[in-house]
Amino acid sequence: MTFHEPTRVPSQRSTASEVTAALPLAVVGEGATVTVPAVLRYHARDPYAVHLDIHTGEPEPITWFFARDLLREGLGRPAGVGDVTVRPSGGAERPGDLFLTLTGPHSAALLRARACEVAYFLGRSEELVAPGSEHERLDLDGLVDHLLGRAAD
(Lines give C-alpha, C1' and ligand atoms only; values in the text may rest on other atoms or scores of the structure.)
Protein backbone atom coordinates (compact mmCIF):
# COMPACT_ATOMS: atom_id res chain seq x y z
CA MET A 1 0.00 0.00 0.00
CA THR A 2 1.35 3.43 -0.96
CA PHE A 3 0.65 6.53 1.09
CA HIS A 4 0.58 9.94 -0.51
CA GLU A 5 1.09 13.33 1.01
CA PRO A 6 -2.26 14.86 1.83
CA THR A 7 -3.41 17.42 -0.67
CA ARG A 8 -3.53 20.89 0.76
CA VAL A 9 -6.78 22.63 0.09
CA PRO A 10 -6.38 26.38 -0.29
CA SER A 11 -8.25 28.55 2.15
CA GLN A 12 -11.75 29.43 1.03
CA ARG A 13 -11.55 32.78 2.77
CA SER A 14 -10.83 35.65 0.47
CA THR A 15 -7.96 37.95 1.30
CA ALA A 16 -9.10 40.46 -1.30
CA SER A 17 -9.90 43.94 -0.13
CA GLU A 18 -11.64 45.16 -3.29
CA VAL A 19 -14.54 44.00 -5.42
CA THR A 20 -15.07 45.26 -8.97
CA ALA A 21 -17.65 44.48 -11.61
CA ALA A 22 -17.99 45.58 -15.21
CA LEU A 23 -21.41 47.08 -15.68
CA PRO A 24 -22.72 48.20 -19.05
CA LEU A 25 -24.93 51.24 -18.50
CA ALA A 26 -27.55 52.58 -20.84
CA VAL A 27 -27.68 56.37 -20.81
CA VAL A 28 -31.36 57.05 -21.36
CA GLY A 29 -32.16 60.25 -23.22
CA GLU A 30 -35.07 61.71 -25.10
CA GLY A 31 -35.58 59.39 -28.05
CA ALA A 32 -32.13 57.78 -27.81
CA THR A 33 -30.27 55.36 -25.59
CA VAL A 34 -26.50 54.97 -25.64
CA THR A 35 -24.63 52.18 -23.88
CA VAL A 36 -21.42 53.10 -22.08
CA PRO A 37 -19.00 50.84 -20.23
CA ALA A 38 -18.80 51.32 -16.49
CA VAL A 39 -17.21 49.65 -13.49
CA LEU A 40 -18.59 49.36 -9.98
CA ARG A 41 -15.89 49.31 -7.28
CA TYR A 42 -16.05 48.60 -3.57
CA HIS A 43 -13.04 48.70 -1.27
CA ALA A 44 -12.90 47.55 2.35
CA ARG A 45 -10.89 50.64 3.37
CA ASP A 46 -13.85 52.83 2.30
CA PRO A 47 -16.55 50.53 3.67
CA TYR A 48 -19.61 52.73 3.28
CA ALA A 49 -19.05 53.79 -0.33
CA VAL A 50 -19.48 52.34 -3.80
CA HIS A 51 -17.58 53.95 -6.66
CA LEU A 52 -19.00 54.04 -10.18
CA ASP A 53 -16.49 54.69 -12.98
CA ILE A 54 -18.19 55.66 -16.23
CA HIS A 55 -15.99 55.41 -19.31
CA THR A 56 -16.91 57.98 -21.93
CA GLY A 57 -13.90 57.74 -24.22
CA GLU A 58 -11.90 60.34 -22.31
CA PRO A 59 -8.53 59.32 -20.79
CA GLU A 60 -10.02 59.24 -17.27
CA PRO A 61 -13.45 57.89 -16.32
CA ILE A 62 -16.11 60.01 -14.69
CA THR A 63 -16.30 58.71 -11.12
CA TRP A 64 -19.27 59.01 -8.82
CA PHE A 65 -19.36 57.62 -5.32
CA PHE A 66 -22.33 57.08 -3.08
CA ALA A 67 -23.49 54.94 -0.17
CA ARG A 68 -23.56 51.19 -0.62
CA ASP A 69 -26.81 51.21 1.39
CA LEU A 70 -28.36 53.56 -1.17
CA LEU A 71 -27.66 51.10 -3.95
CA ARG A 72 -29.02 48.18 -1.89
CA GLU A 73 -32.18 50.07 -0.94
CA GLY A 74 -32.71 51.17 -4.54
CA LEU A 75 -32.97 47.56 -5.68
CA GLY A 76 -36.29 47.29 -3.85
CA ARG A 77 -37.76 50.78 -3.83
CA PRO A 78 -36.93 54.35 -4.83
CA ALA A 79 -34.05 55.63 -2.71
CA GLY A 80 -31.92 58.72 -2.40
CA VAL A 81 -32.40 62.45 -2.32
CA GLY A 82 -30.14 64.89 -4.09
CA ASP A 83 -27.29 64.09 -6.45
CA VAL A 84 -27.85 60.33 -6.66
CA THR A 85 -31.16 58.50 -6.72
CA VAL A 86 -31.78 54.84 -7.43
CA ARG A 87 -35.01 53.06 -8.24
CA PRO A 88 -36.07 49.69 -9.56
CA SER A 89 -38.06 49.51 -12.75
CA GLY A 90 -41.75 49.42 -12.09
CA GLY A 91 -44.40 47.25 -13.70
CA ALA A 92 -43.86 46.64 -17.40
CA GLU A 93 -41.21 49.39 -17.54
CA ARG A 94 -38.18 47.21 -18.38
CA PRO A 95 -38.63 44.66 -15.57
CA GLY A 96 -35.37 43.63 -13.96
CA ASP A 97 -33.71 46.98 -14.52
CA LEU A 98 -32.38 49.52 -12.08
CA PHE A 99 -32.39 53.25 -12.81
CA LEU A 100 -29.78 55.62 -11.40
CA THR A 101 -30.12 59.36 -11.73
CA LEU A 102 -26.90 61.33 -11.34
CA THR A 103 -27.34 65.08 -10.99
CA GLY A 104 -24.45 67.51 -11.31
CA PRO A 105 -24.33 71.29 -11.13
CA HIS A 106 -25.22 71.74 -14.81
CA SER A 107 -26.86 68.51 -15.95
CA ALA A 108 -28.39 65.19 -15.00
CA ALA A 109 -28.14 61.71 -16.47
CA LEU A 110 -30.57 58.82 -16.26
CA LEU A 111 -28.71 55.50 -16.36
CA ARG A 112 -30.16 52.01 -16.67
CA ALA A 113 -28.43 48.85 -15.43
CA ARG A 114 -29.46 45.24 -14.97
CA ALA A 115 -30.62 44.85 -11.37
CA CYS A 116 -29.28 41.29 -11.15
CA GLU A 117 -25.75 42.49 -11.99
CA VAL A 118 -25.91 45.19 -9.34
CA ALA A 119 -27.31 42.73 -6.78
CA TYR A 120 -24.52 40.26 -7.54
CA PHE A 121 -21.90 42.99 -7.07
CA LEU A 122 -23.49 44.02 -3.77
CA GLY A 123 -23.50 40.43 -2.58
CA ARG A 124 -19.78 40.17 -3.30
CA SER A 125 -19.14 43.44 -1.45
CA GLU A 126 -21.11 42.15 1.54
CA GLU A 127 -18.95 39.03 1.64
CA LEU A 128 -15.99 41.37 2.00
CA VAL A 129 -17.58 43.66 4.61
CA ALA A 130 -20.86 42.56 6.14
CA PRO A 131 -23.60 45.20 6.40
CA GLY A 132 -23.53 46.71 9.86
CA SER A 133 -19.81 46.02 10.36
CA GLU A 134 -18.52 48.89 8.22
CA HIS A 135 -17.52 50.90 11.29
CA GLU A 136 -15.01 48.18 12.21
CA ARG A 137 -13.08 48.92 8.98
CA LEU A 138 -12.79 52.68 9.38
CA ASP A 139 -9.36 54.11 10.06
CA LEU A 140 -10.45 57.21 11.95
CA ASP A 141 -6.90 58.19 12.92
CA GLY A 142 -5.85 58.02 9.26
CA LEU A 143 -8.88 60.06 8.24
CA VAL A 144 -8.15 62.76 10.81
CA ASP A 145 -4.49 62.86 9.72
CA HIS A 146 -5.58 63.20 6.09
CA LEU A 147 -8.06 65.98 6.88
CA LEU A 148 -5.43 67.85 8.88
CA GLY A 149 -2.83 67.39 6.15
CA ARG A 150 -0.51 65.34 8.34
CA ALA A 151 1.66 62.65 6.80
CA ALA A 152 0.94 59.08 7.82
CA ASP A 153 3.55 57.50 10.06
# chains A, B, ... in the order shown; residues from 1 in each chain; ligands from 1

$ residues_around --residues "Ala26 (chain A)" --least-positions-apart "5" --cutoff "6 Å" --atoms "only C-alpha atoms" --output "number ranges by chain"
A: 34-35, 111-112

$ atom_distance --atom1 "CA of Cys116 (chain A)" --atom2 "CA of Leu98 (chain A)"
8.8 Å

$ residues_around --residues "Val39 (chain A)" --least-positions-apart "5" --cutoff "8 Å" --atoms "only C-alpha atoms" --output "JSON, numbers by chain"
{"A": [20, 21, 22, 23, 24, 52, 53, 54]}

$ closest_residue --among "A:Leu128, A:Ala49, A:Leu147, A:Ala115" --to "Glu18 (chain A)" --atoms "only C-alpha atoms"
A:Leu128

$ closest_residue --among "A:His106, A:Ala119, A:Val36, A:Val50" --to "Gly76 (chain A)" --atoms "only C-alpha atoms"
A:Ala119

$ select_by_dssp --residues "region 20-115 of chain A" --states "strand (DSSP E or B)" --output "ChimeraX atom specification"
/A:20-22,25-28,33-36,38-43,49-54,62-67,79,84-88,97-103,108-114

$ closest_residue --among "A:Pro47, A:Pro37, A:Gly31, A:Gly90" --to "Glu134 (chain A)" --atoms "only C-alpha atoms"
A:Pro47

$ closest_residue --among "A:Val28, A:Ala113, A:Ala130, A:Leu40" --to "Thr63 (chain A)" --atoms "only C-alpha atoms"
A:Leu40

$ closest_residue --among "A:Glu30, A:Ala108, A:Leu102, A:Leu25" --to "Phe65 (chain A)" --atoms "only C-alpha atoms"
A:Leu102

$ residues_around --residues "Val81 (chain A)" --least-positions-apart "2" --cutoff "12 Å" --atoms "only C-alpha atoms" --output "list in words"
Phe66, Ala67, Leu70, Gly74, Pro78, Ala79, Asp83, Val84, Thr85, Val86, Arg87, Leu100, Thr101, Leu102 and Thr103 of chain A

$ select_by_dssp --residues "region 53-144 of chain A" --states "helix (DSSP H, G or I)" --output "PyMOL selection string"
chain A and resi 68-74+115-128+134-137+140-144

$ atom_distance --atom1 "CA of Asp46 (chain A)" --atom2 "CA of Leu148 (chain A)"
18.4 Å
